[in-house]
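Chemist: Below is model28.cif; it holds mmCIF, C-alpha atoms and all ligand atoms.
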data_target
#
loop_
_atom_site.group_PDB
_atom_site.id
_atom_site.type_symbol
_atom_site.label_atom_id
_atom_site.label_comp_id
_atom_site.auth_asym_id
_atom_site.auth_seq_id
_atom_site.Cartn_x
_atom_site.Cartn_y
_atom_site.Cartn_z
ATOM 1 C CA SER A 1 51.959 222.422 17.589
ATOM 2 C CA THR A 2 50.635 220.474 14.642
ATOM 3 C CA THR A 3 47.545 222.650 14.469
ATOM 4 C CA THR A 4 46.889 224.355 11.185
ATOM 5 C CA THR A 5 43.968 225.900 9.378
ATOM 6 C CA ASN A 6 45.170 224.719 5.993
ATOM 7 C CA PRO A 7 42.469 222.330 4.730
ATOM 8 C CA ALA A 8 45.076 220.140 3.062
ATOM 9 C CA THR A 9 46.748 219.347 6.348
ATOM 10 C CA ASN A 10 43.778 219.701 8.646
ATOM 11 C CA PRO A 11 42.760 216.263 9.911
ATOM 12 C CA ALA A 12 39.136 217.428 10.005
ATOM 13 C CA THR A 13 39.070 217.895 6.254
ATOM 14 C CA ASN A 14 41.760 215.614 4.925
ATOM 15 C CA PRO A 15 40.953 211.922 5.236
ATOM 16 C CA ALA A 16 44.571 210.995 4.585
ATOM 17 C CA THR A 17 45.661 212.496 7.901
ATOM 18 C CA ASN A 18 42.508 211.572 9.720
ATOM 19 C CA THR A 19 42.746 208.432 11.791
ATOM 20 C CA SER A 20 39.853 208.983 14.175
ATOM 21 C CA THR A 21 36.855 209.926 12.033
ATOM 22 C CA PRO A 22 35.249 208.818 8.792
ATOM 23 C CA ALA A 23 36.106 210.974 5.781
ATOM 24 C CA ALA A 24 33.665 213.682 4.726
ATOM 25 C CA GLU A 25 31.012 212.394 7.128
ATOM 26 C CA PRO A 26 29.630 215.177 9.284
ATOM 27 C CA PHE A 27 29.756 214.447 12.977
ATOM 28 C CA ARG A 28 26.332 213.615 14.363
ATOM 29 C CA ARG A 29 26.104 216.232 17.058
ATOM 30 C CA ARG A 30 25.719 219.909 16.257
ATOM 31 C CA PRO A 31 28.832 221.840 17.309
ATOM 32 C CA PHE A 32 28.521 224.247 20.239
ATOM 33 C CA VAL A 33 30.944 227.115 20.861
ATOM 34 C CA GLY A 34 30.555 229.344 23.902
ATOM 35 C CA GLY A 35 32.366 232.588 24.618
ATOM 36 C CA ASN A 36 32.642 233.018 28.384
ATOM 37 C CA TRP A 37 33.524 236.666 28.874
ATOM 38 C CA LYS A 38 33.774 236.208 32.671
ATOM 39 C CA MET A 39 34.186 239.535 34.544
ATOM 40 C CA ASN A 40 35.714 241.456 31.651
ATOM 41 C CA LEU A 41 34.846 244.461 29.462
ATOM 42 C CA LEU A 42 32.671 247.548 29.893
ATOM 43 C CA ALA A 43 29.669 248.534 27.802
ATOM 44 C CA ALA A 44 31.415 250.044 24.778
ATOM 45 C CA GLU A 45 33.756 247.060 24.392
ATOM 46 C CA VAL A 46 30.940 244.596 25.010
ATOM 47 C CA VAL A 47 28.921 246.080 22.154
ATOM 48 C CA ALA A 48 31.856 246.122 19.727
ATOM 49 C CA LEU A 49 32.729 242.512 20.515
ATOM 50 C CA ALA A 50 29.135 241.294 20.321
ATOM 51 C CA GLN A 51 28.638 242.952 16.921
ATOM 52 C CA SER A 52 31.678 241.165 15.537
ATOM 53 C CA ILE A 53 30.455 237.617 16.178
ATOM 54 C CA ALA A 54 28.714 235.599 13.464
ATOM 55 C CA ALA A 55 27.159 232.143 13.615
ATOM 56 C CA PRO A 56 27.867 229.958 10.558
ATOM 57 C CA GLY A 57 24.634 229.244 8.748
ATOM 58 C CA GLY A 58 22.944 232.045 10.723
ATOM 59 C CA GLY A 59 22.495 229.560 13.537
ATOM 60 C CA ASP A 60 19.996 227.409 11.691
ATOM 61 C CA GLY A 61 20.225 223.650 11.335
ATOM 62 C CA GLY A 62 21.932 223.644 7.933
ATOM 63 C CA ALA A 63 25.353 222.433 6.851
ATOM 64 C CA GLY A 64 28.208 224.099 8.672
ATOM 65 C CA GLY A 65 25.840 225.229 11.381
ATOM 66 C CA VAL A 66 27.203 225.874 14.848
ATOM 67 C CA ASP A 67 25.456 226.878 18.060
ATOM 68 C CA VAL A 68 27.350 230.042 19.007
ATOM 69 C CA VAL A 69 26.592 231.416 22.468
ATOM 70 C CA VAL A 70 28.083 234.422 24.231
ATOM 71 C CA PHE A 71 28.074 234.639 28.027
ATOM 72 C CA PRO A 72 28.438 238.329 28.954
ATOM 73 C CA PRO A 73 28.472 239.632 32.539
ATOM 74 C CA PHE A 74 24.912 240.036 33.888
ATOM 75 C CA PRO A 75 24.737 243.862 33.592
ATOM 76 C CA TYR A 76 25.336 243.622 29.840
ATOM 77 C CA LEU A 77 22.919 240.867 28.845
ATOM 78 C CA ALA A 78 20.280 243.395 27.821
ATOM 79 C CA THR A 79 22.947 245.525 26.126
ATOM 80 C CA VAL A 80 24.224 242.639 24.047
ATOM 81 C CA ARG A 81 20.934 241.093 23.026
ATOM 82 C CA PRO A 82 19.846 243.683 20.408
ATOM 83 C CA VAL A 83 23.256 243.891 18.719
ATOM 84 C CA LEU A 84 23.819 240.154 18.204
ATOM 85 C CA LYS A 85 23.840 238.862 14.631
ATOM 86 C CA PRO A 86 21.173 236.317 13.588
ATOM 87 C CA GLY A 87 21.717 232.948 15.181
ATOM 88 C CA VAL A 88 24.165 234.099 17.863
ATOM 89 C CA GLN A 89 22.666 233.164 21.219
ATOM 90 C CA LEU A 90 22.882 234.725 24.640
ATOM 91 C CA GLY A 91 23.732 232.872 27.839
ATOM 92 C CA GLY A 92 24.149 233.613 31.541
ATOM 93 C CA GLN A 93 27.359 232.797 33.421
ATOM 94 C CA ASP A 94 25.438 231.450 36.417
ATOM 95 C CA CYS A 95 21.971 231.334 37.923
ATOM 96 C CA SER A 96 20.553 231.046 41.408
ATOM 97 C CA ALA A 97 19.517 227.711 42.905
ATOM 98 C CA GLU A 98 16.384 229.534 44.092
ATOM 99 C CA LYS A 99 13.416 230.523 41.988
ATOM 100 C CA GLN A 100 12.869 234.030 43.371
ATOM 101 C CA GLY A 101 12.736 236.021 46.564
ATOM 102 C CA ALA A 102 15.030 237.475 49.203
ATOM 103 C CA PHE A 103 18.378 236.483 47.682
ATOM 104 C CA THR A 104 20.357 239.688 47.402
ATOM 105 C CA GLY A 105 22.789 239.745 44.520
ATOM 106 C CA GLN A 106 21.546 236.571 42.897
ATOM 107 C CA VAL A 107 20.039 236.249 39.438
ATOM 108 C CA GLY A 108 17.180 233.838 38.730
ATOM 109 C CA ALA A 109 17.007 231.516 35.745
ATOM 110 C CA ALA A 110 13.613 232.974 34.762
ATOM 111 C CA MET A 111 15.221 236.430 34.644
ATOM 112 C CA LEU A 112 17.898 235.135 32.304
ATOM 113 C CA ARG A 113 15.257 233.662 30.072
ATOM 114 C CA ASP A 114 13.230 236.882 30.236
ATOM 115 C CA VAL A 115 16.194 238.967 29.090
ATOM 116 C CA GLY A 116 16.777 236.668 26.121
ATOM 117 C CA CYS A 117 19.153 233.960 27.296
ATOM 118 C CA ALA A 118 18.962 230.515 25.747
ATOM 119 C CA SER A 119 21.433 228.846 28.083
ATOM 120 C CA VAL A 120 23.326 229.176 31.339
ATOM 121 C CA LEU A 121 26.690 227.982 32.642
ATOM 122 C CA ILE A 122 26.340 225.810 35.730
ATOM 123 C CA GLY A 123 29.253 224.940 37.997
ATOM 124 C CA HIS A 124 32.111 226.719 36.281
ATOM 125 C CA SER A 125 35.288 225.831 38.178
ATOM 126 C CA GLU A 126 35.767 229.469 39.135
ATOM 127 C CA ARG A 127 32.523 229.069 41.078
ATOM 128 C CA ARG A 128 33.092 225.496 42.307
ATOM 129 C CA HIS A 129 36.561 226.302 43.595
ATOM 130 C CA GLY A 130 36.422 230.086 44.068
ATOM 131 C CA LEU A 131 33.000 230.212 45.711
ATOM 132 C CA GLY A 132 32.622 226.719 47.113
ATOM 133 C CA GLU A 133 29.713 225.625 44.951
ATOM 134 C CA THR A 134 28.871 221.985 45.622
ATOM 135 C CA ASP A 135 27.359 219.345 43.381
ATOM 136 C CA ALA A 136 24.209 219.438 45.530
ATOM 137 C CA LEU A 137 23.842 223.171 44.883
ATOM 138 C CA LEU A 138 24.545 222.702 41.173
ATOM 139 C CA SER A 139 21.847 220.060 40.926
ATOM 140 C CA ARG A 140 19.365 222.646 42.202
ATOM 141 C CA LYS A 141 20.676 225.241 39.744
ATOM 142 C CA ILE A 142 20.163 222.766 36.906
ATOM 143 C CA GLY A 143 16.596 222.325 38.088
ATOM 144 C CA GLN A 144 16.021 226.081 37.960
ATOM 145 C CA ALA A 145 17.602 226.321 34.504
ATOM 146 C CA LEU A 146 15.419 223.518 33.157
ATOM 147 C CA ASP A 147 12.267 224.963 34.745
ATOM 148 C CA ALA A 148 12.999 228.284 33.007
ATOM 149 C CA GLY A 149 13.588 226.614 29.646
ATOM 150 C CA LEU A 150 17.332 227.283 29.565
ATOM 151 C CA VAL A 151 19.959 224.898 28.209
ATOM 152 C CA PRO A 152 22.182 223.982 31.162
ATOM 153 C CA VAL A 153 25.885 223.932 30.271
ATOM 154 C CA LEU A 154 27.263 221.877 33.158
ATOM 155 C CA CYS A 155 31.000 222.314 33.761
ATOM 156 C CA VAL A 156 33.098 219.507 35.242
ATOM 157 C CA GLY A 157 36.826 218.982 35.517
ATOM 158 C CA GLU A 158 39.664 217.961 37.771
ATOM 159 C CA THR A 159 42.365 220.038 39.450
ATOM 160 C CA LEU A 160 46.050 219.521 38.727
ATOM 161 C CA ALA A 161 46.512 217.632 42.009
ATOM 162 C CA GLU A 162 43.600 215.351 41.153
ATOM 163 C CA ARG A 163 45.033 214.649 37.689
ATOM 164 C CA GLU A 164 48.527 214.018 39.023
ATOM 165 C CA SER A 165 47.193 211.575 41.585
ATOM 166 C CA GLY A 166 45.391 209.643 38.856
ATOM 167 C CA ARG A 167 41.921 210.668 40.008
ATOM 168 C CA ALA A 168 40.777 212.794 37.041
ATOM 169 C CA HIS A 169 38.204 210.335 35.763
ATOM 170 C CA GLU A 170 36.864 209.582 39.231
ATOM 171 C CA VAL A 171 36.387 213.333 39.820
ATOM 172 C CA ILE A 172 34.594 213.862 36.498
ATOM 173 C CA ASP A 173 32.343 210.882 37.196
ATOM 174 C CA SER A 174 31.495 212.018 40.699
ATOM 175 C CA GLN A 175 30.825 215.647 39.679
ATOM 176 C CA LEU A 176 28.423 214.452 36.984
ATOM 177 C CA ARG A 177 26.604 212.073 39.328
ATOM 178 C CA GLY A 178 26.282 214.739 42.030
ATOM 179 C CA SER A 179 25.275 217.608 39.775
ATOM 180 C CA LEU A 180 22.749 215.585 37.791
ATOM 181 C CA ALA A 181 21.238 213.901 40.855
ATOM 182 C CA GLY A 182 17.466 214.024 40.831
ATOM 183 C CA HIS A 183 17.171 214.873 37.130
ATOM 184 C CA ALA A 184 15.559 212.413 34.732
ATOM 185 C CA GLU A 185 16.863 211.751 31.251
ATOM 186 C CA SER A 186 13.646 213.119 29.752
ATOM 187 C CA ALA A 187 14.230 216.504 31.409
ATOM 188 C CA LEU A 188 17.849 216.735 30.299
ATOM 189 C CA ALA A 189 17.385 216.518 26.535
ATOM 190 C CA THR A 190 19.157 219.843 25.950
ATOM 191 C CA LEU A 191 22.042 219.293 28.405
ATOM 192 C CA VAL A 192 25.543 220.307 27.322
ATOM 193 C CA VAL A 193 28.523 219.133 29.392
ATOM 194 C CA ALA A 194 31.715 221.205 29.361
ATOM 195 C CA TYR A 195 34.847 219.295 30.342
ATOM 196 C CA GLU A 196 37.152 221.964 31.720
ATOM 197 C CA PRO A 197 40.250 220.723 33.533
ATOM 198 C CA VAL A 198 40.979 223.362 36.157
ATOM 199 C CA TRP A 199 44.708 223.354 35.374
ATOM 200 C CA ALA A 200 43.989 224.356 31.767
ATOM 201 C CA ILE A 201 41.684 227.302 32.460
ATOM 202 C CA GLY A 202 43.323 230.654 31.827
ATOM 203 C CA THR A 203 46.777 229.084 32.045
ATOM 204 C CA GLY A 204 47.691 228.720 28.376
ATOM 205 C CA ARG A 205 48.175 225.005 29.118
ATOM 206 C CA THR A 206 45.664 223.144 26.953
ATOM 207 C CA ALA A 207 44.759 219.486 27.410
ATOM 208 C CA THR A 208 46.120 217.396 24.550
ATOM 209 C CA PRO A 209 43.434 216.256 22.123
ATOM 210 C CA ASP A 210 44.054 212.698 23.384
ATOM 211 C CA ASP A 211 43.580 213.652 27.044
ATOM 212 C CA ALA A 212 40.503 215.743 26.272
ATOM 213 C CA ALA A 213 38.992 212.991 24.123
ATOM 214 C CA GLU A 214 39.609 210.438 26.880
ATOM 215 C CA ALA A 215 37.903 212.663 29.457
ATOM 216 C CA HIS A 216 34.966 213.138 27.095
ATOM 217 C CA ARG A 217 34.630 209.371 26.811
ATOM 218 C CA THR A 218 34.506 209.257 30.612
ATOM 219 C CA VAL A 219 31.673 211.808 30.555
ATOM 220 C CA ARG A 220 29.722 209.671 28.085
ATOM 221 C CA ARG A 221 30.376 206.485 30.025
ATOM 222 C CA THR A 222 28.952 208.062 33.175
ATOM 223 C CA LEU A 223 25.945 209.432 31.276
ATOM 224 C CA LYS A 224 25.352 205.983 29.835
ATOM 225 C CA GLU A 225 25.454 204.424 33.295
ATOM 226 C CA LEU A 226 23.169 207.107 34.716
ATOM 227 C CA TYR A 227 20.731 207.204 31.791
ATOM 228 C CA SER A 228 21.030 205.349 28.489
ATOM 229 C CA ALA A 229 23.384 204.679 25.594
ATOM 230 C CA ARG A 230 21.218 206.797 23.347
ATOM 231 C CA PHE A 231 21.325 209.748 25.717
ATOM 232 C CA SER A 232 25.090 209.471 26.154
ATOM 233 C CA GLU A 233 25.546 209.614 22.397
ATOM 234 C CA GLN A 234 23.260 212.620 21.919
ATOM 235 C CA VAL A 235 24.542 214.939 24.629
ATOM 236 C CA ARG A 236 27.097 217.435 23.444
ATOM 237 C CA VAL A 237 30.363 217.394 25.356
ATOM 238 C CA ILE A 238 32.569 220.421 24.776
ATOM 239 C CA TYR A 239 36.107 221.168 25.907
ATOM 240 C CA GLY A 240 37.261 224.270 27.746
ATOM 241 C CA GLY A 241 40.648 225.388 28.986
ATOM 242 C CA SER A 242 42.969 227.636 26.953
ATOM 243 C CA VAL A 243 41.244 226.931 23.649
ATOM 244 C CA ASN A 244 42.635 229.400 21.135
ATOM 245 C CA ALA A 245 42.787 230.147 17.415
ATOM 246 C CA ARG A 246 45.836 227.903 17.003
ATOM 247 C CA ASN A 247 44.796 224.771 18.889
ATOM 248 C CA ALA A 248 41.045 224.753 18.136
ATOM 249 C CA ALA A 249 41.238 222.867 14.828
ATOM 250 C CA GLU A 250 43.229 220.022 16.343
ATOM 251 C CA LEU A 251 40.868 219.661 19.313
ATOM 252 C CA LEU A 252 37.696 219.999 17.269
ATOM 253 C CA ALA A 253 38.866 217.426 14.739
ATOM 254 C CA ARG A 254 38.274 214.766 17.402
ATOM 255 C CA GLU A 255 34.934 213.055 17.193
ATOM 256 C CA GLU A 256 34.563 213.162 20.986
ATOM 257 C CA ILE A 257 34.910 216.963 21.205
ATOM 258 C CA ASP A 258 31.673 218.632 20.112
ATOM 259 C CA GLY A 259 32.799 222.196 20.605
ATOM 260 C CA GLY A 260 34.502 224.546 22.995
ATOM 261 C CA LEU A 261 33.915 226.797 25.967
ATOM 262 C CA VAL A 262 36.308 229.657 25.417
ATOM 263 C CA GLY A 263 37.414 232.282 27.923
ATOM 264 C CA GLY A 264 40.378 234.487 27.053
ATOM 265 C CA ALA A 265 40.302 233.903 23.299
ATOM 266 C CA SER A 266 36.591 234.773 23.144
ATOM 267 C CA LEU A 267 37.483 238.369 24.032
ATOM 268 C CA VAL A 268 39.441 238.720 20.766
ATOM 269 C CA ALA A 269 37.004 238.856 17.852
ATOM 270 C CA SER A 270 39.318 237.318 15.250
ATOM 271 C CA ASP A 271 40.414 234.491 17.549
ATOM 272 C CA PHE A 272 36.844 233.614 18.475
ATOM 273 C CA ALA A 273 35.895 233.664 14.773
ATOM 274 C CA ALA A 274 38.712 231.213 14.007
ATOM 275 C CA ILE A 275 37.468 228.858 16.743
ATOM 276 C CA ILE A 276 33.899 229.026 15.397
ATOM 277 C CA ALA A 277 35.236 228.296 11.900
ATOM 278 C CA ALA A 278 37.069 225.229 13.235
ATOM 279 C CA ALA A 279 33.827 224.025 14.844
ATOM 280 C CA SER A 280 31.926 224.653 11.608
ATOM 281 C CA ARG A 281 34.180 222.196 9.781
ATOM 282 C CA ARG A 282 32.688 219.413 11.941
ATOM 283 C CA SER A 283 29.200 219.806 10.502
HETATM 284 P P1 LIG B 1 40.102 230.024 29.102
HETATM 285 O O1 LIG B 1 38.751 229.850 29.958
HETATM 286 O O2 LIG B 1 39.730 229.769 27.665
HETATM 287 O O3 LIG B 1 40.537 231.451 29.332
HETATM 288 O O4 LIG B 1 41.075 229.029 29.609
HETATM 289 C C1 LIG B 1 37.851 228.818 29.653
HETATM 290 C C2 LIG B 1 36.722 228.828 30.655
HETATM 291 O O5 LIG B 1 36.961 229.105 31.832
HETATM 292 O O6 LIG B 1 35.563 228.551 30.302
#
Please re-express this file's structure in structure tokens.
Modeler:
Amino acid sequence: STTTTNPATNPATNPATNTSTPAAEPFRRRPFVGGNWKMNLLAAEVVALAQSIAAPGGGDGGAGGVDVVVFPPFPYLATVRPVLKPGVQLGGQDCSAEKQGAFTGQVGAAMLRDVGCASVLIGHSERRHGLGETDALLSRKIGQALDAGLVPVLCVGETLAERESGRAHEVIDSQLRGSLAGHAESALATLVVAYEPVWAIGTGRTATPDDAAEAHRTVRRTLKELYSARFSEQVRVIYGGSVNARNAAELLAREEIDGGLVGGASLVASDFAAIIAAASRRS
């Protein structure tokens, strides 16, 4: 790997090695780093991990600022909230497509908001593929998230078979169109899109920065076709799939990659801190 955290050789900070971005110019979009804890940890570990996480700039809009969001399992949202450092945000891993009522086991977007969440993951591949969630269902979940005032973090990404058959970009395009169906640009101002190729999630096999950047351009092209050029340039598109402390700097040095959605490495405090630091160098 060519990844390094040495500022002299880091393409994000050294214009001499930087071919894709203007020197010393902050990227326009505020970086976003999410820690998706999935179905891991019990209360004591959750608290220790949550206490360890800091948001550069305290989460405000200043230089070096990064939106840092942790996505704990539902039972620990209320446990985590009071121990988070200033600026670190809380998010839900999923929400119901229904507002409220007789839906045993489901969690409503308004409940997430009530317990202190700022955002919610929608359509993670472990739900699309493991639980059969469809784009039509995800569109309804986005509606619930928006109604509750949550930032929807919409996950899209192709399987290995889809990539190998040359259909990755078609799949990304179609997931976006299906999941965003019925939602107007004006309602989606806070939207974050997470490009997470299924073959890279939890496998240790990360997309190359070139492949990730290309997929992110596909996301923006679809958003431009669906909405407007302005919208497509403002939406944050983050990469997920085996992001770790070693490869984060190289990925986040690409203009197209506004941040990361991190699973395994977000469970290790020092690794997650290194990823946040890499994101902070974008702003
Ligand atoms: P991973 O998970 O970092 O463990 O690959 C990423 C995700 O599923 O969001």
Chemist: Pick out the closest residue to ligand LIG 1 (chain B) from this set: A:Ala249, A:Leu90, A:Leu191, A:Leu154. Count only C-alpha atoms and all ligand atoms.
Modeler: A:Leu154
Chemist: Could you report the residues within 8 Å of ligand LIG 1 (chain B), using all atoms listed in the file, as an NGL selection string?
Modeler: :A and (35-36 or 38 or 124-126 or 196 or 200-204 or 206 or 240-244 or 261-266)
Chemist: Point out the residue among A:Val192, A:Ala136, A:Leu267, A:Ala213 with the least atom-to-atom distance to A:Val235, counting only C-alpha atoms.
Modeler: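 Counting only C-alpha atoms, the residue closest to A:Val235 is A:Val192.
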Chemist: Under the rule that only C-alpha atoms are counted, which of A:Leu131, A:Ser280, A:Asp211, A:Ala194 is the nearest residue to A:Gly58?
Modeler: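 Ranking A:Leu131, A:Ser280, A:Asp211, A:Ala194 by distance to A:Gly58, first place goes to A:Ser280.
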Chemist: What is the atom CA of A:Gly123-atom CA of A:Leu49 distance in Å, reported with one decimal?
Modeler: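 Separation between atom CA of A:Gly123 and atom CA of A:Leu49: 25.0 Å.
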Chemist: Would you list the contacts of A:Phe74 as a VMD selection string, taking every protein, DNA or RNA residue within 12 Å and counting all atoms listed in the file, but skipping same-chain residues closer than 4 positions in sequence?
Modeler: chain A and resid 36 to 43 46 70 78 to 81 90 to 95 105 to 109 111 to 112 115 to 117 120
Chemist: Identify all residues satisfying the PyMOL selection byres (((chain A and resi 269) around 10) and not hetatm) in the given file; provide them as a short mmCIF file (atom, residue, chain, number, x, y, z; two decimals) with C-alpha atoms, keeping the file's coordinate frame.
Modeler:
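Below is the file expr.cif, written as the result:
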data_model
loop_
_atom_site.label_atom_id
_atom_site.label_comp_id
_atom_site.auth_asym_id
_atom_site.auth_seq_id
_atom_site.Cartn_x
_atom_site.Cartn_y
_atom_site.Cartn_z
CA ALA A 48 31.86 246.12 19.73
CA LEU A 49 32.73 242.51 20.52
CA ALA A 50 29.14 241.29 20.32
CA GLN A 51 28.64 242.95 16.92
CA SER A 52 31.68 241.16 15.54
CA ILE A 53 30.46 237.62 16.18
CA ALA A 54 28.71 235.60 13.46
CA ALA A 265 40.30 233.90 23.30
CA SER A 266 36.59 234.77 23.14
CA LEU A 267 37.48 238.37 24.03
CA VAL A 268 39.44 238.72 20.77
CA SER A 270 39.32 237.32 15.25
CA ASP A 271 40.41 234.49 17.55
CA PHE A 272 36.84 233.61 18.48
CA ALA A 273 35.90 233.66 14.77
CA ALA A 274 38.71 231.21 14.01
#
Chemist: Is it possible to get the residues within 12 Å of (34.9, 210.2, 26.1) (coordinates as in the file, counting all atoms listed in the file) written as an mmCIF file with C-alpha atoms, in the coordinates of the input?
Modeler:
data_model
loop_
_atom_site.group_PDB
_atom_site.id
_atom_site.type_symbol
_atom_site.label_atom_id
_atom_site.label_comp_id
_atom_site.auth_asym_id
_atom_site.auth_seq_id
_atom_site.Cartn_x
_atom_site.Cartn_y
_atom_site.Cartn_z
ATOM 1 C CA HIS A 169 38.204 210.335 35.763
ATOM 2 C CA ILE A 172 34.594 213.862 36.498
ATOM 3 C CA ASP A 173 32.343 210.882 37.196
ATOM 4 C CA VAL A 193 28.523 219.133 29.392
ATOM 5 C CA ALA A 194 31.715 221.205 29.361
ATOM 6 C CA TYR A 195 34.847 219.295 30.342
ATOM 7 C CA PRO A 209 43.434 216.256 22.123
ATOM 8 C CA ASP A 210 44.054 212.698 23.384
ATOM 9 C CA ASP A 211 43.580 213.652 27.044
ATOM 10 C CA ALA A 212 40.503 215.743 26.272
ATOM 11 C CA ALA A 213 38.992 212.991 24.123
ATOM 12 C CA GLU A 214 39.609 210.438 26.880
ATOM 13 C CA ALA A 215 37.903 212.663 29.457
ATOM 14 C CA HIS A 216 34.966 213.138 27.095
ATOM 15 C CA ARG A 217 34.630 209.371 26.811
ATOM 16 C CA THR A 218 34.506 209.257 30.612
ATOM 17 C CA VAL A 219 31.673 211.808 30.555
ATOM 18 C CA ARG A 220 29.722 209.671 28.085
ATOM 19 C CA ARG A 221 30.376 206.485 30.025
ATOM 20 C CA THR A 222 28.952 208.062 33.175
ATOM 21 C CA LEU A 223 25.945 209.432 31.276
ATOM 22 C CA LYS A 224 25.352 205.983 29.835
ATOM 23 C CA SER A 232 25.090 209.471 26.154
ATOM 24 C CA GLU A 233 25.546 209.614 22.397
ATOM 25 C CA VAL A 235 24.542 214.939 24.629
ATOM 26 C CA ARG A 236 27.097 217.435 23.444
ATOM 27 C CA VAL A 237 30.363 217.394 25.356
ATOM 28 C CA ILE A 238 32.569 220.421 24.776
ATOM 29 C CA TYR A 239 36.107 221.168 25.907
ATOM 30 C CA ARG A 254 38.274 214.766 17.402
ATOM 31 C CA GLU A 255 34.934 213.055 17.193
ATOM 32 C CA GLU A 256 34.563 213.162 20.986
ATOM 33 C CA ILE A 257 34.910 216.963 21.205
ATOM 34 C CA ASP A 258 31.673 218.632 20.112
#
Chemist: Rank A:Glu185, A:Gly34, A:Arg113, A:Ile276 by their smallest atom-to-atom distance to A:Asp147, using all atoms listed in the file, and report the top residue only.
Modeler: A:Arg113
